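Colleague: Next up, query.txt (compact mmCIF, C-alpha atoms and all ligand atoms).
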# COMPACT_ATOMS: atom_id res chain seq x y z
CA MET T 1 35.42 -42.24 -40.61
CA LYS T 2 33.86 -44.77 -38.30
CA LEU T 3 33.73 -42.57 -35.23
CA LYS T 4 31.49 -39.82 -36.59
CA PRO T 5 27.95 -41.28 -36.30
CA ARG T 6 28.67 -42.44 -32.78
CA LEU T 7 30.10 -39.08 -31.81
CA PHE T 8 27.11 -37.35 -33.30
CA ALA T 9 24.68 -39.62 -31.44
CA GLY T 10 26.60 -38.98 -28.23
CA LEU T 11 26.44 -35.21 -28.72
CA LEU T 12 22.73 -35.40 -29.40
CA ALA T 13 22.10 -37.46 -26.26
CA ALA T 14 24.14 -35.01 -24.20
CA VAL T 15 22.18 -32.03 -25.54
CA GLY T 16 18.91 -33.86 -24.79
CA ALA T 17 20.03 -34.60 -21.25
CA VAL T 18 21.02 -30.97 -20.74
CA VAL T 19 17.68 -29.63 -22.00
CA ALA T 20 15.74 -32.06 -19.81
CA GLY T 21 18.03 -31.38 -16.87
CA SER T 22 17.79 -27.61 -17.04
CA THR T 23 14.00 -27.70 -17.35
CA ALA T 24 13.85 -29.94 -14.29
CA MET T 25 16.31 -27.68 -12.49
CA ALA T 26 14.26 -24.55 -13.17
CA SER T 27 11.19 -26.11 -11.55
CA THR T 28 13.24 -27.47 -8.65
CA PHE T 29 14.97 -24.27 -7.62
CA MET T 30 12.37 -21.65 -8.45
CA PRO T 31 8.66 -21.49 -7.62
CA PRO T 32 6.30 -21.65 -10.63
CA ALA T 33 6.29 -18.39 -12.59
CA VAL T 34 3.07 -16.45 -11.92
CA THR T 35 3.60 -13.41 -14.13
CA SER T 36 4.22 -13.19 -17.86
CA THR T 37 7.48 -11.35 -17.12
CA ALA T 38 8.57 -14.26 -14.93
CA ALA T 39 7.81 -16.71 -17.75
CA GLU T 40 9.96 -14.59 -20.10
CA VAL T 41 12.80 -14.48 -17.56
CA ASP T 42 12.68 -18.27 -17.30
CA LYS T 43 12.83 -18.60 -21.09
CA ILE T 44 15.91 -16.37 -21.33
CA TYR T 45 17.52 -18.20 -18.46
CA ALA T 46 16.85 -21.60 -20.03
CA PHE T 47 18.12 -20.35 -23.40
CA LEU T 48 21.36 -19.05 -21.88
CA LEU T 49 21.88 -22.23 -19.90
CA ILE T 50 21.23 -24.52 -22.84
CA ALA T 51 23.26 -22.39 -25.27
CA SER T 52 26.18 -22.37 -22.82
CA LEU T 53 26.00 -26.11 -22.31
CA ILE T 54 25.80 -26.86 -26.03
CA SER T 55 28.79 -24.58 -26.58
CA PHE T 56 30.59 -26.33 -23.77
CA ILE T 57 29.91 -29.74 -25.26
CA ILE T 58 30.99 -28.65 -28.75
CA LEU T 59 34.16 -27.04 -27.42
CA ILE T 60 35.28 -29.60 -24.87
CA GLY T 61 33.87 -32.55 -26.85
CA GLY T 62 35.65 -31.22 -29.95
CA MET T 63 38.86 -30.88 -27.99
CA PHE T 64 38.78 -34.48 -26.83
CA TYR T 65 37.85 -35.66 -30.31
CA PHE T 66 40.79 -33.82 -31.87
CA VAL T 67 43.17 -35.01 -29.16
CA TYR T 68 42.16 -38.53 -30.11
CA LYS T 69 42.06 -37.99 -33.86
CA TYR T 70 45.38 -36.16 -34.21
CA GLN T 71 47.35 -38.00 -31.58
CA ARG T 72 50.95 -38.81 -32.49
CA ARG T 73 50.95 -42.36 -33.81
CA SER T 74 54.63 -43.03 -34.41
CA ALA T 75 57.99 -41.53 -33.60
CA THR T 76 58.26 -40.24 -37.15
CA ASP T 77 54.77 -38.72 -37.29
CA LYS T 78 55.00 -35.11 -38.45
CA THR T 79 52.49 -32.38 -37.58
CA ALA T 80 50.84 -31.02 -40.73
CA TYR T 81 51.39 -27.34 -41.47
CA ILE T 82 48.01 -25.55 -41.15
CA SER T 83 48.02 -21.77 -41.19
CA HIS T 84 44.39 -20.60 -41.11
CA ASN T 85 40.95 -20.84 -42.65
CA TYR T 86 39.06 -17.63 -43.38
CA THR T 87 35.67 -19.27 -43.70
CA LEU T 88 35.95 -21.07 -40.36
CA GLU T 89 37.31 -18.01 -38.59
CA PHE T 90 34.51 -15.87 -39.94
CA LEU T 91 31.87 -18.39 -38.91
CA TRP T 92 33.10 -18.93 -35.38
CA SER T 93 33.14 -15.18 -34.84
CA PHE T 94 29.98 -14.23 -36.66
CA ILE T 95 27.65 -16.97 -35.37
CA PRO T 96 28.42 -16.22 -31.69
CA PHE T 97 28.01 -12.51 -32.48
CA LEU T 98 24.51 -13.18 -33.83
CA ILE T 99 23.65 -15.27 -30.76
CA PHE T 100 24.92 -12.53 -28.42
CA MET T 101 22.95 -9.84 -30.25
CA PHE T 102 19.84 -12.01 -30.12
CA VAL T 103 20.22 -12.45 -26.34
CA PHE T 104 20.95 -8.75 -25.91
CA VAL T 105 17.80 -7.62 -27.75
CA TRP T 106 15.64 -10.23 -26.02
CA GLY T 107 17.05 -9.38 -22.58
CA TRP T 108 16.69 -5.66 -23.22
CA LYS T 109 13.04 -6.08 -24.13
CA VAL T 110 12.23 -8.10 -21.00
CA TYR T 111 14.21 -5.68 -18.82
CA HIS T 112 12.37 -2.76 -20.38
CA ASP T 113 9.00 -4.39 -19.56
CA MET T 114 10.21 -5.03 -16.03
CA ARG T 115 11.26 -1.43 -15.43
CA ASN T 116 8.35 0.37 -17.10
CA VAL T 117 5.41 0.51 -14.75
CA PRO T 118 2.01 0.50 -16.50
CA ALA T 119 0.21 3.80 -15.87
CA ASP T 120 -2.92 2.15 -14.42
CA ALA T 121 -1.02 0.18 -11.77
CA LEU T 122 -2.40 -0.09 -8.27
CA GLU T 123 0.11 1.54 -5.93
CA VAL T 124 1.30 0.14 -2.61
CA HIS T 125 3.91 1.78 -0.39
CA VAL T 126 6.49 -0.65 0.97
CA MET T 127 8.58 0.27 3.98
CA ALA T 128 11.51 -1.93 4.96
CA LYS T 129 13.32 -1.69 8.28
CA LYS T 130 15.58 -3.75 10.51
CA TRP T 131 14.03 -6.37 10.24
CA ASP T 132 10.59 -6.40 8.87
CA TRP T 133 8.20 -5.13 6.22
CA ARG T 134 5.26 -2.77 6.31
CA PHE T 135 2.76 -2.24 3.50
CA LEU T 136 0.66 0.87 3.16
CA TYR T 137 -2.28 1.29 0.80
CA LYS T 138 -3.67 4.55 -0.56
CA SER T 139 -6.83 3.95 1.46
CA GLY T 140 -4.71 4.35 4.57
CA LYS T 141 -4.79 0.62 5.35
CA GLU T 142 -1.55 -0.63 6.84
CA VAL T 143 -0.29 -4.22 7.01
CA VAL T 144 2.41 -5.39 9.39
CA ALA T 145 3.62 -8.75 10.70
CA GLY T 146 1.58 -10.29 13.51
CA LEU T 147 1.43 -13.24 15.87
CA ASP T 148 -0.78 -16.30 15.55
CA ASP T 149 -2.56 -18.14 18.43
CA LYS T 150 0.60 -20.05 19.30
CA GLY T 151 2.68 -16.90 19.50
CA GLN T 152 4.41 -17.64 16.18
CA LYS T 153 5.19 -14.73 13.90
CA THR T 154 2.94 -14.38 10.86
CA PRO T 155 4.55 -12.46 8.01
CA ALA T 156 3.20 -9.11 6.83
CA THR T 157 0.92 -10.02 3.92
CA MET T 158 0.41 -7.70 0.97
CA VAL T 159 -2.95 -8.56 -0.56
CA VAL T 160 -3.16 -7.71 -4.27
CA PRO T 161 -5.75 -8.30 -6.98
CA VAL T 162 -5.06 -10.95 -9.62
CA GLY T 163 -4.49 -9.73 -13.17
CA ARG T 164 -3.90 -6.12 -12.23
CA PRO T 165 -0.47 -4.42 -12.38
CA VAL T 166 0.77 -3.48 -8.91
CA LYS T 167 3.42 -0.79 -8.42
CA LEU T 168 5.50 -0.78 -5.27
CA ILE T 169 6.92 2.51 -4.01
CA MET T 170 9.62 1.35 -1.65
CA GLY T 171 11.61 3.07 1.06
CA SER T 172 13.85 2.15 3.98
CA GLU T 173 13.02 3.45 7.44
CA LYS T 174 14.35 3.48 11.00
CA ILE T 175 13.22 0.77 13.43
CA SER T 176 11.16 3.39 15.17
CA ALA T 177 10.08 6.51 13.32
CA ASN T 178 10.63 8.78 16.33
CA SER T 179 13.86 7.19 17.48
CA THR T 180 16.70 9.52 18.44
CA ASP T 181 19.11 6.60 18.81
CA PRO T 182 21.98 7.45 16.43
CA THR T 183 22.54 3.75 15.68
CA ASP T 184 18.94 3.41 14.49
CA ARG T 185 19.52 4.32 10.89
CA PRO T 186 17.72 3.02 7.82
CA VAL T 187 19.81 0.45 5.95
CA LEU T 188 19.92 -1.18 2.55
CA HIS T 189 17.35 -3.92 1.87
CA SER T 190 16.10 -5.62 -1.26
CA PHE T 191 12.58 -6.71 -2.11
CA TYR T 192 12.54 -10.07 -3.86
CA LEU T 193 9.41 -11.86 -5.07
CA PRO T 194 10.74 -15.11 -6.57
CA ALA T 195 7.40 -16.18 -8.08
CA ALA T 196 7.43 -12.98 -10.16
CA ARG T 197 11.22 -13.10 -10.77
CA VAL T 198 11.55 -9.46 -9.73
CA LYS T 199 13.96 -7.94 -7.25
CA GLN T 200 14.84 -4.37 -6.36
CA ASP T 201 17.17 -2.77 -3.83
CA ILE T 202 15.60 -0.50 -1.25
CA VAL T 203 17.95 2.40 -0.59
CA PRO T 204 17.79 4.76 2.42
CA GLY T 205 16.95 8.33 1.47
CA ARG T 206 15.08 7.66 -1.78
CA TYR T 207 12.30 5.65 -3.34
CA THR T 208 12.82 2.70 -5.62
CA MET T 209 10.05 1.13 -7.68
CA LEU T 210 9.04 -2.34 -8.71
CA TRP T 211 5.97 -3.72 -10.43
CA PHE T 212 4.35 -7.06 -11.19
CA ASN T 213 1.07 -8.43 -12.50
CA ILE T 214 0.26 -11.77 -10.87
CA GLU T 215 -1.97 -13.97 -12.99
CA LYS T 216 -2.59 -16.83 -10.55
CA PRO T 217 -4.26 -16.54 -7.14
CA GLY T 218 -2.03 -17.77 -4.34
CA ASP T 219 0.39 -16.94 -1.54
CA TYR T 220 3.90 -16.02 -2.61
CA TRP T 221 6.95 -15.48 -0.44
CA VAL T 222 8.86 -12.22 -0.32
CA PHE T 223 12.46 -12.22 0.88
CA CYS T 224 14.97 -9.52 1.65
CA THR T 225 17.97 -10.29 -0.54
CA GLU T 226 20.40 -7.67 0.67
CA PHE T 227 22.28 -8.64 3.81
CA CYS T 228 20.97 -5.98 6.16
CA GLY T 229 22.11 -7.18 9.58
CA SER T 230 21.64 -9.90 12.15
CA GLY T 231 17.89 -10.26 11.56
CA HIS T 232 18.18 -10.41 7.78
CA SER T 233 17.12 -14.04 7.44
CA ALA T 234 13.89 -13.35 9.32
CA MET T 235 12.92 -10.62 6.86
CA LYS T 236 10.14 -12.45 5.10
CA ALA T 237 6.75 -11.30 3.93
CA MET T 238 3.95 -12.59 1.73
CA VAL T 239 2.15 -11.43 -1.35
CA LYS T 240 -1.35 -12.85 -1.48
CA ALA T 241 -3.04 -12.57 -4.89
CA VAL T 242 -6.85 -12.80 -4.80
CA PRO T 243 -9.66 -12.02 -7.28
CA MET T 244 -10.59 -8.32 -7.50
CA PRO T 245 -13.89 -8.49 -5.52
CA GLU T 246 -12.14 -10.30 -2.69
CA PHE T 247 -9.36 -7.70 -2.76
CA GLU T 248 -11.85 -4.84 -2.56
CA ALA T 249 -13.66 -6.49 0.35
CA TRP T 250 -10.35 -7.00 2.14
CA LEU T 251 -9.28 -3.40 1.56
CA ALA T 252 -12.54 -2.14 3.07
CA SER T 253 -12.41 -4.56 6.04
CA GLU T 254 -11.20 -3.81 9.55
CA GLY T 255 -8.02 -1.80 9.86
CA GLY T 256 -9.05 -0.09 6.66
CA GLY T 257 -7.53 3.19 7.76
CA ALA T 258 -9.56 6.14 8.96
CA LEU T 259 -8.13 8.57 6.43
CA THR T 260 -6.78 7.94 2.96
CA LEU T 261 -3.12 8.83 2.42
CA ALA T 262 -4.22 11.73 0.22
CA ASP T 263 -6.48 13.08 2.98
CA GLN T 264 -3.67 12.76 5.50
CA GLY T 265 -1.50 14.69 3.05
CA LYS T 266 -4.16 17.33 2.64
CA ALA T 267 -4.27 17.82 6.41
CA LEU T 268 -0.46 18.10 6.52
CA PHE T 269 -0.57 20.61 3.66
CA ALA T 270 -2.40 22.93 6.05
CA ALA T 271 -0.79 21.84 9.32
CA LYS T 272 2.80 22.15 8.05
CA ALA T 273 2.17 25.57 6.54
CA CYS T 274 2.76 24.51 2.93
CA VAL T 275 -0.52 26.23 2.16
CA GLY T 276 1.09 29.60 2.98
CA CYS T 277 3.27 29.34 -0.12
CA HIS T 278 1.58 26.73 -2.34
CA SER T 279 -1.92 26.53 -3.74
CA ALA T 280 -3.90 23.43 -4.66
CA ASP T 281 -6.09 25.20 -7.23
CA GLY T 282 -3.60 26.43 -9.82
CA SER T 283 -3.08 29.97 -8.54
CA ARG T 284 0.46 31.23 -8.15
CA VAL T 285 1.42 32.21 -4.59
CA VAL T 286 5.02 32.35 -3.27
CA GLY T 287 5.85 28.91 -4.65
CA PRO T 288 4.48 26.88 -7.57
CA THR T 289 0.97 25.49 -7.32
CA PHE T 290 0.57 21.77 -6.63
CA LYS T 291 -2.20 21.49 -9.20
CA GLY T 292 -0.94 19.64 -12.26
CA LEU T 293 2.48 19.20 -10.66
CA TRP T 294 2.38 15.40 -10.61
CA GLY T 295 4.07 13.86 -13.64
CA SER T 296 4.78 17.24 -15.25
CA ASN T 297 8.18 18.32 -16.53
CA ARG T 298 9.91 20.84 -14.25
CA THR T 299 12.52 23.23 -15.58
CA PHE T 300 15.07 24.66 -13.21
CA ASP T 301 16.97 27.86 -12.65
CA GLY T 302 20.31 27.63 -14.40
CA GLY T 303 19.10 24.92 -16.80
CA GLY T 304 18.18 21.28 -16.38
CA SER T 305 14.81 19.66 -15.97
CA ALA T 306 13.16 16.67 -14.30
CA LYS T 307 9.87 14.84 -14.27
CA ALA T 308 7.85 15.38 -11.08
CA ASP T 309 7.80 11.81 -9.75
CA GLU T 310 7.92 10.49 -6.18
CA ASN T 311 11.65 11.05 -5.79
CA TYR T 312 11.51 14.59 -7.19
CA ILE T 313 8.72 15.64 -4.84
CA ARG T 314 10.42 14.01 -1.88
CA GLU T 315 13.63 15.92 -2.61
CA SER T 316 11.72 19.16 -3.19
CA ILE T 317 10.22 18.87 0.29
CA LEU T 318 13.22 17.66 2.28
CA ASN T 319 15.92 19.60 0.46
CA PRO T 320 14.16 22.33 -1.57
CA ASN T 321 17.30 24.14 -2.67
CA ALA T 322 18.68 21.12 -4.54
CA HIS T 323 16.70 22.32 -7.56
CA ILE T 324 15.00 25.68 -7.89
CA VAL T 325 11.96 25.75 -10.15
CA ALA T 326 12.50 28.39 -12.89
CA THR T 327 10.94 31.82 -12.18
CA PHE T 328 10.60 31.07 -8.42
CA PRO T 329 12.78 32.48 -5.61
CA LYS T 330 15.67 30.50 -4.16
CA GLY T 331 16.15 29.94 -0.43
CA VAL T 332 12.55 30.84 0.45
CA MET T 333 11.17 27.38 1.14
CA PRO T 334 12.43 25.94 4.45
CA ALA T 335 14.00 22.47 4.30
CA TYR T 336 11.67 19.93 5.90
CA ALA T 337 14.34 17.27 6.44
CA GLY T 338 13.89 16.06 10.02
CA GLN T 339 10.54 17.90 10.30
CA LEU T 340 8.42 15.31 8.50
CA SER T 341 8.32 11.54 9.01
CA ASP T 342 8.58 9.14 6.06
CA ASP T 343 4.85 8.45 6.33
CA GLU T 344 4.07 12.17 6.25
CA VAL T 345 6.16 12.65 3.11
CA ASN T 346 4.36 9.67 1.53
CA ALA T 347 0.99 11.20 2.43
CA ILE T 348 1.90 14.60 0.94
CA ILE T 349 3.04 12.90 -2.27
CA GLU T 350 -0.26 11.02 -2.48
CA PHE T 351 -2.11 14.29 -1.94
CA ILE T 352 -0.14 16.00 -4.75
CA LYS T 353 -0.90 13.03 -7.03
CA THR T 354 -4.63 13.70 -6.68
CA LEU T 355 -4.31 17.35 -7.82
CA LYS T 356 -4.53 16.73 -11.54
C1 LIG N 401 7.94 29.94 2.77
C2 LIG N 401 7.31 29.44 1.57
C3 LIG N 401 7.22 27.94 1.38
C4 LIG N 401 6.74 27.00 2.24
C5 LIG N 401 6.24 27.17 3.68
C6 LIG N 401 6.76 25.75 1.54
N1 LIG N 401 7.26 25.95 0.27
FE1 LIG N 401 7.51 24.54 -1.15
N2 LIG N 401 8.34 25.89 -2.39
C7 LIG N 401 8.46 27.25 -2.13
C8 LIG N 401 9.09 27.91 -3.25
C9 LIG N 401 9.42 29.39 -3.34
C10 LIG N 401 9.35 26.90 -4.21
C11 LIG N 401 10.02 27.09 -5.58
C12 LIG N 401 11.51 27.15 -5.46
C13 LIG N 401 12.13 25.80 -5.24
O1 LIG N 401 12.09 24.97 -6.16
O2 LIG N 401 12.63 25.55 -4.12
C14 LIG N 401 8.87 25.64 -3.65
C15 LIG N 401 8.91 24.42 -4.28
C16 LIG N 401 8.29 23.28 -3.82
C17 LIG N 401 8.12 22.09 -4.59
C18 LIG N 401 8.57 21.87 -6.02
C19 LIG N 401 7.41 22.40 -6.85
C20 LIG N 401 7.54 22.34 -8.34
O3 LIG N 401 6.72 23.00 -8.98
O4 LIG N 401 8.39 21.65 -8.88
C21 LIG N 401 7.43 21.21 -3.80
C22 LIG N 401 7.00 19.78 -4.16
C23 LIG N 401 7.18 21.86 -2.55
N3 LIG N 401 7.70 23.12 -2.60
C24 LIG N 401 6.51 21.27 -1.49
C25 LIG N 401 6.26 21.90 -0.29
C26 LIG N 401 5.60 21.27 0.83
C27 LIG N 401 5.06 19.85 0.83
C28 LIG N 401 5.58 22.17 1.84
C29 LIG N 401 5.01 21.98 3.24
C30 LIG N 401 5.47 20.81 3.97
C31 LIG N 401 6.21 23.38 1.34
N4 LIG N 401 6.60 23.18 0.06
C32 LIG N 401 6.33 24.56 2.07
C33 LIG N 401 8.05 27.89 -0.99
C34 LIG N 401 7.55 27.28 0.14
CU CU N 402 16.65 -6.50 4.85
Now, as a test, write the supplied structure out as structure tokens.

Modeller:
Amino acid sequence: MKLKPRLFAGLLAAVGAVVAGSTAMASTFMPPAVTSTAAEVDKIYAFLLIASLISFIILIGGMFYFVYKYQRRSATDKTAYISHNYTLEFLWSFIPFLIFMFVFVWGWKVYHDMRNVPADALEVHVMAKKWDWRFLYKSGKEVVAGLDDKGQKTPATMVVPVGRPVKLIMGSEKISANSTDPTDRPVLHSFYLPAARVKQDIVPGRYTMLWFNIEKPGDYWVFCTEFCGSGHSAMKAMVKAVPMPEFEAWLASEGGGALTLADQGKALFAAKACVGCHSADGSRVVGPTFKGLWGSNRTFDGGGSAKADENYIRESILNPNAHIVATFPKGVMPAYAGQLSDDEVNAIIEFIKTLK
């Protein structure tokens, strides 16, 4: 068969072009990957793209080749009778199955790494609203968007240390915390850090989490990727990764916050009368003690259990009767929904986290 070597060379050239093209494309459309997770995501993406394109070439190329090879050559040409071929059928089912399983396991592993926050992560609270971002550190330092000398908006910049996992605890808030305007409701947003290839919806009424570990100092854009209203396209922020000493100096610099979040929470613990029913030292009063609560497993009246994480504590404060802790009375704790601002709930959670 004269055609074969040429066809083979053509296929090879096409595959080469596709590999080169997709590598070039990845660096054209995405910023350089600055986390190891991002590098893994890029590898999976390139693998899927190249595997799809090779399959495409084999399938469509094969189709054209067979159309040419088995074309009807004369009026008396008869189509050969071919029923099936077990070996071929097995191979074209089993090889794709292996490839799919390989991609599944690989993707699952990367997704698992993406979703499992390392325990020693530095935590930053992220608040999204129509249409901007606000970052809050445990030290009480708050970062918002500003204006430069020319009156141009400068994006809110989250400074983080290089080489240290950072966990974001994200919530959606009203434009103004004290607003009574019924149209001022928190809406859906999404935090997207392209350089880290991570993205997470921010949903009103609960916390969502995200983490990354940036390995290269630099400024990286953050976008909102959930259409949240007319100002959506302006919803940009920055993540600025700097070496640890620089980060520590920045955190301690002006606007450092007078009180840490935990201290604010401690003050609220007394001011909002929680202290009447909860202790911070392990003793049992009307309600469970806050000591050792964080991260522990809670068992409920009537069965069921949950881990005491940010969302559990938030719900326990705003809507205490959703779950009743076993051996404690129901309907005793007042619901604090509408009584505490988002920042106050954050502060109380940070206070509870410190009571190990
Ligand atoms: C009148 C008493 C009372 C007050 C005031 C009160 N609580 Fe409670 N709280 C309870 C009781 C009783 C429970 C256990 C029953 C339940 O799960 O609702 C509880 C449960 C909780 C839990 C879940 C604890 C666990 O072990 O899982 C949290 C968190 C909590 N309260 C936070 C607060 C905070 C924060 C405040 C103040 C803003 C507060 N409570 C004020 C009585 C109270
Ligand atoms: Cu948004």

Colleague: Of the candidates T:His323, T:Lys129, T:Arg164, T:Arg185, which shows the shortest atom-to-atom distance to ligand CU 402 (chain N), using only C-alpha atoms and all ligand atoms?

Modeller: T:Lys129

Colleague: Dump the neighbourhood of ligand CU 402 (chain N) as a PyMOL selection string: all residues within 7 Å, distances computed on all atoms listed in the file.

Modeller: chain T and resi 128-131+188-190+224-228+232+235

Colleague: May I have the residues within 6 Å of ligand LIG 401 (chain N), computed using all atoms listed in the file, as a ChimeraX atom specification?

Modeller: /T:269,272-274,276-277,286-288,293,298,313,316-317,320-321,323-325,328-330,332-333

Colleague: What does the distance between CA of Ile169 in chain T and CA of Glu310 in chain T come to in Å, to one decimal place?

Modeller: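 Taking CA of Ile169 in chain T and CA of Glu310 in chain T, their separation equals 8.3 Å.
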
Colleague: Between CA of Lys69 in chain T and CA of Gly10 in chain T, what is the spacing in Å?

Modeller: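 Those two atoms sit 16.5 Å apart.
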
Colleague: Using all atoms listed in the file, what does the table of range 119-215 of chain T residues within 9 Å of range 34-47 of chain T look like, with each row giving the shortest atom pair and its distance in Å to one decimal, sorted by chain and ascending number, as CSV?

Modeller:
residue,atom,partner,partner_atom,distance
T:Gly163,CA,T:Thr35,CA,8.9
T:Pro194,CA,T:Ala38,CA,8.7
T:Ala195,CA,T:Val34,CA,5.8
T:Ala196,CA,T:Ala38,CA,5.1
T:Arg197,CA,T:Ala38,CA,5.1
T:Val198,CA,T:Ala38,CA,7.7
T:Phe212,CA,T:Thr35,CA,7.0
T:Asn213,CA,T:Thr35,CA,5.8
T:Ile214,CA,T:Thr35,CA,4.9
T:Glu215,CA,T:Thr35,CA,5.7

Colleague: Go ahead and dump the residues you just picked, C-alpha atoms, as a PDB file, in the coordinates of the input.

Modeller:
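Saved as selection_18.pdb:
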ATOM      1  CA  GLY T 163      -4.490  -9.730 -13.170  1.00  0.00           C
ATOM      2  CA  PRO T 194      10.740 -15.110  -6.570  1.00  0.00           C
ATOM      3  CA  ALA T 195       7.400 -16.180  -8.080  1.00  0.00           C
ATOM      4  CA  ALA T 196       7.430 -12.980 -10.160  1.00  0.00           C
ATOM      5  CA  ARG T 197      11.220 -13.100 -10.770  1.00  0.00           C
ATOM      6  CA  VAL T 198      11.550  -9.460  -9.730  1.00  0.00           C
ATOM      7  CA  PHE T 212       4.350  -7.060 -11.190  1.00  0.00           C
ATOM      8  CA  ASN T 213       1.070  -8.430 -12.500  1.00  0.00           C
ATOM      9  CA  ILE T 214       0.260 -11.770 -10.870  1.00  0.00           C
ATOM     10  CA  GLU T 215      -1.970 -13.970 -12.990  1.00  0.00           C
TER      11      GLU T 215
END

Colleague: When distances are computed from all atoms listed in the file, which of T:Ala75, T:Leu98, T:Leu7, T:Ala306 shows the smallest separation from Ala326 in chain T?

Modeller: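 Selected residue with least distance to Ala326 in chain T: T:Ala306.
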
Colleague: Closest to Ala145 in chain T among T:Ala237, T:Leu91, T:Phe290, T:Gln200, using all atoms listed in the file?

Modeller: T:Ala237

Colleague: Figure out the distance between CA of Ala33 in chain T and CA of Ala17 in chain T, please, to one decimal in Å.

Modeller: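 Distance between the two atoms: 22.9 Å.
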
Colleague: So that I can see what lies close to range 50-64 of chain T, please list as a PDB file with C-alpha atoms, keeping the file's coordinate frame the residues with an atom at most 10 Å from it, counting all atoms listed in the file and leaving out residues fewer than 6 positions away in the same chain.

Modeller:
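Okay, around_32.pdb is ready:
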ATOM      1  CA  LEU T   7      30.100 -39.080 -31.810  1.00  0.00           C
ATOM      2  CA  GLY T  10      26.600 -38.980 -28.230  1.00  0.00           C
ATOM      3  CA  LEU T  11      26.440 -35.210 -28.720  1.00  0.00           C
ATOM      4  CA  LEU T  12      22.730 -35.400 -29.400  1.00  0.00           C
ATOM      5  CA  ALA T  14      24.140 -35.010 -24.200  1.00  0.00           C
ATOM      6  CA  VAL T  15      22.180 -32.030 -25.540  1.00  0.00           C
ATOM      7  CA  GLY T  16      18.910 -33.860 -24.790  1.00  0.00           C
ATOM      8  CA  VAL T  18      21.020 -30.970 -20.740  1.00  0.00           C
ATOM      9  CA  VAL T  19      17.680 -29.630 -22.000  1.00  0.00           C
ATOM     10  CA  ALA T  20      15.740 -32.060 -19.810  1.00  0.00           C
ATOM     11  CA  GLY T  21      18.030 -31.380 -16.870  1.00  0.00           C
ATOM     12  CA  SER T  22      17.790 -27.610 -17.040  1.00  0.00           C
ATOM     13  CA  THR T  23      14.000 -27.700 -17.350  1.00  0.00           C
ATOM     14  CA  ILE T  44      15.910 -16.370 -21.330  1.00  0.00           C
ATOM     15  CA  PRO T  96      28.420 -16.220 -31.690  1.00  0.00           C
ATOM     16  CA  ILE T  99      23.650 -15.270 -30.760  1.00  0.00           C
TER      17      ILE T  99
END

Colleague: Determine, counting only C-alpha atoms, which protein, DNA and RNA residues have an atom within 7 Å of an atom of Glu350 in chain T; residues of the same chain fewer than 6 positions away are not included. Present the result as a PyMOL selection string.

Modeller: chain T and resi 261-262+265

Colleague: Between T:Pro5, T:Asp342, T:Thr154, T:Ile352, single out the one closest to Ala177 in chain T, counting all atoms listed in the file.

Modeller: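 Smallest separation from Ala177 in chain T among the options: T:Asp342.
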
Colleague: Which neighbours of range 114-120 of chain T fall inside 7 Å, counting only C-alpha atoms, when residues of the same chain fewer than 5 positions from it are skipped, and could you give them as a ChimeraX atom specification?

Modeller: /T:37,165,167,211

Colleague: Please write as a list in words the list of polymer residues whose atoms come within 12 Å of (10.9, 2.3, 13.5), counting only C-alpha atoms and keeping to the coordinates of the file.

Modeller: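 Selection result: Met127, Ala128, Lys129, Lys130, Trp131, Asp132, Trp133, Arg134, Ser172, Glu173, Lys174, Ile175, Ser176, Ala177, Asn178, Ser179, Thr180, Asp181, Thr183, Asp184, Arg185, Pro186, Val187, Ser341, Asp342 and Asp343 of chain T.
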
Colleague: Within 9 Å of (-7.3, 1.9, 3.2) (coordinates as in the file), grab all the protein and nucleic acid residues, counting only C-alpha atoms, and write them out as a PyMOL selection string.

Modeller: chain T and resi 136-142+251-253+255-261

Colleague: Hey, what's within 7 Å of Ala280 in chain T if we count all atoms listed in the file and toss same-chain stuff fewer than 5 positions away? As an MDAnalysis selection string, please?

Modeller: chainID T and resid 289:291 355

Colleague: Edge lengths and centre in Å to one decimal, as JSON, of the axis-aligned box that encloses all listed atoms of range 70-88 of chain T with 4 Å added on every side?

Modeller:
{"center_x": 47.0, "center_y": -30.3, "center_z": -37.6, "size_x": 30.6, "size_y": 33.4, "size_z": 20.1}

Colleague: Just the residues within 10 Å of Glu315 in chain T, please, counting only C-alpha atoms, with nothing from its chain fewer than 6 positions along; format it as number ranges by chain.

Modeller: T: 205-206, 321-323, 335-337, 345
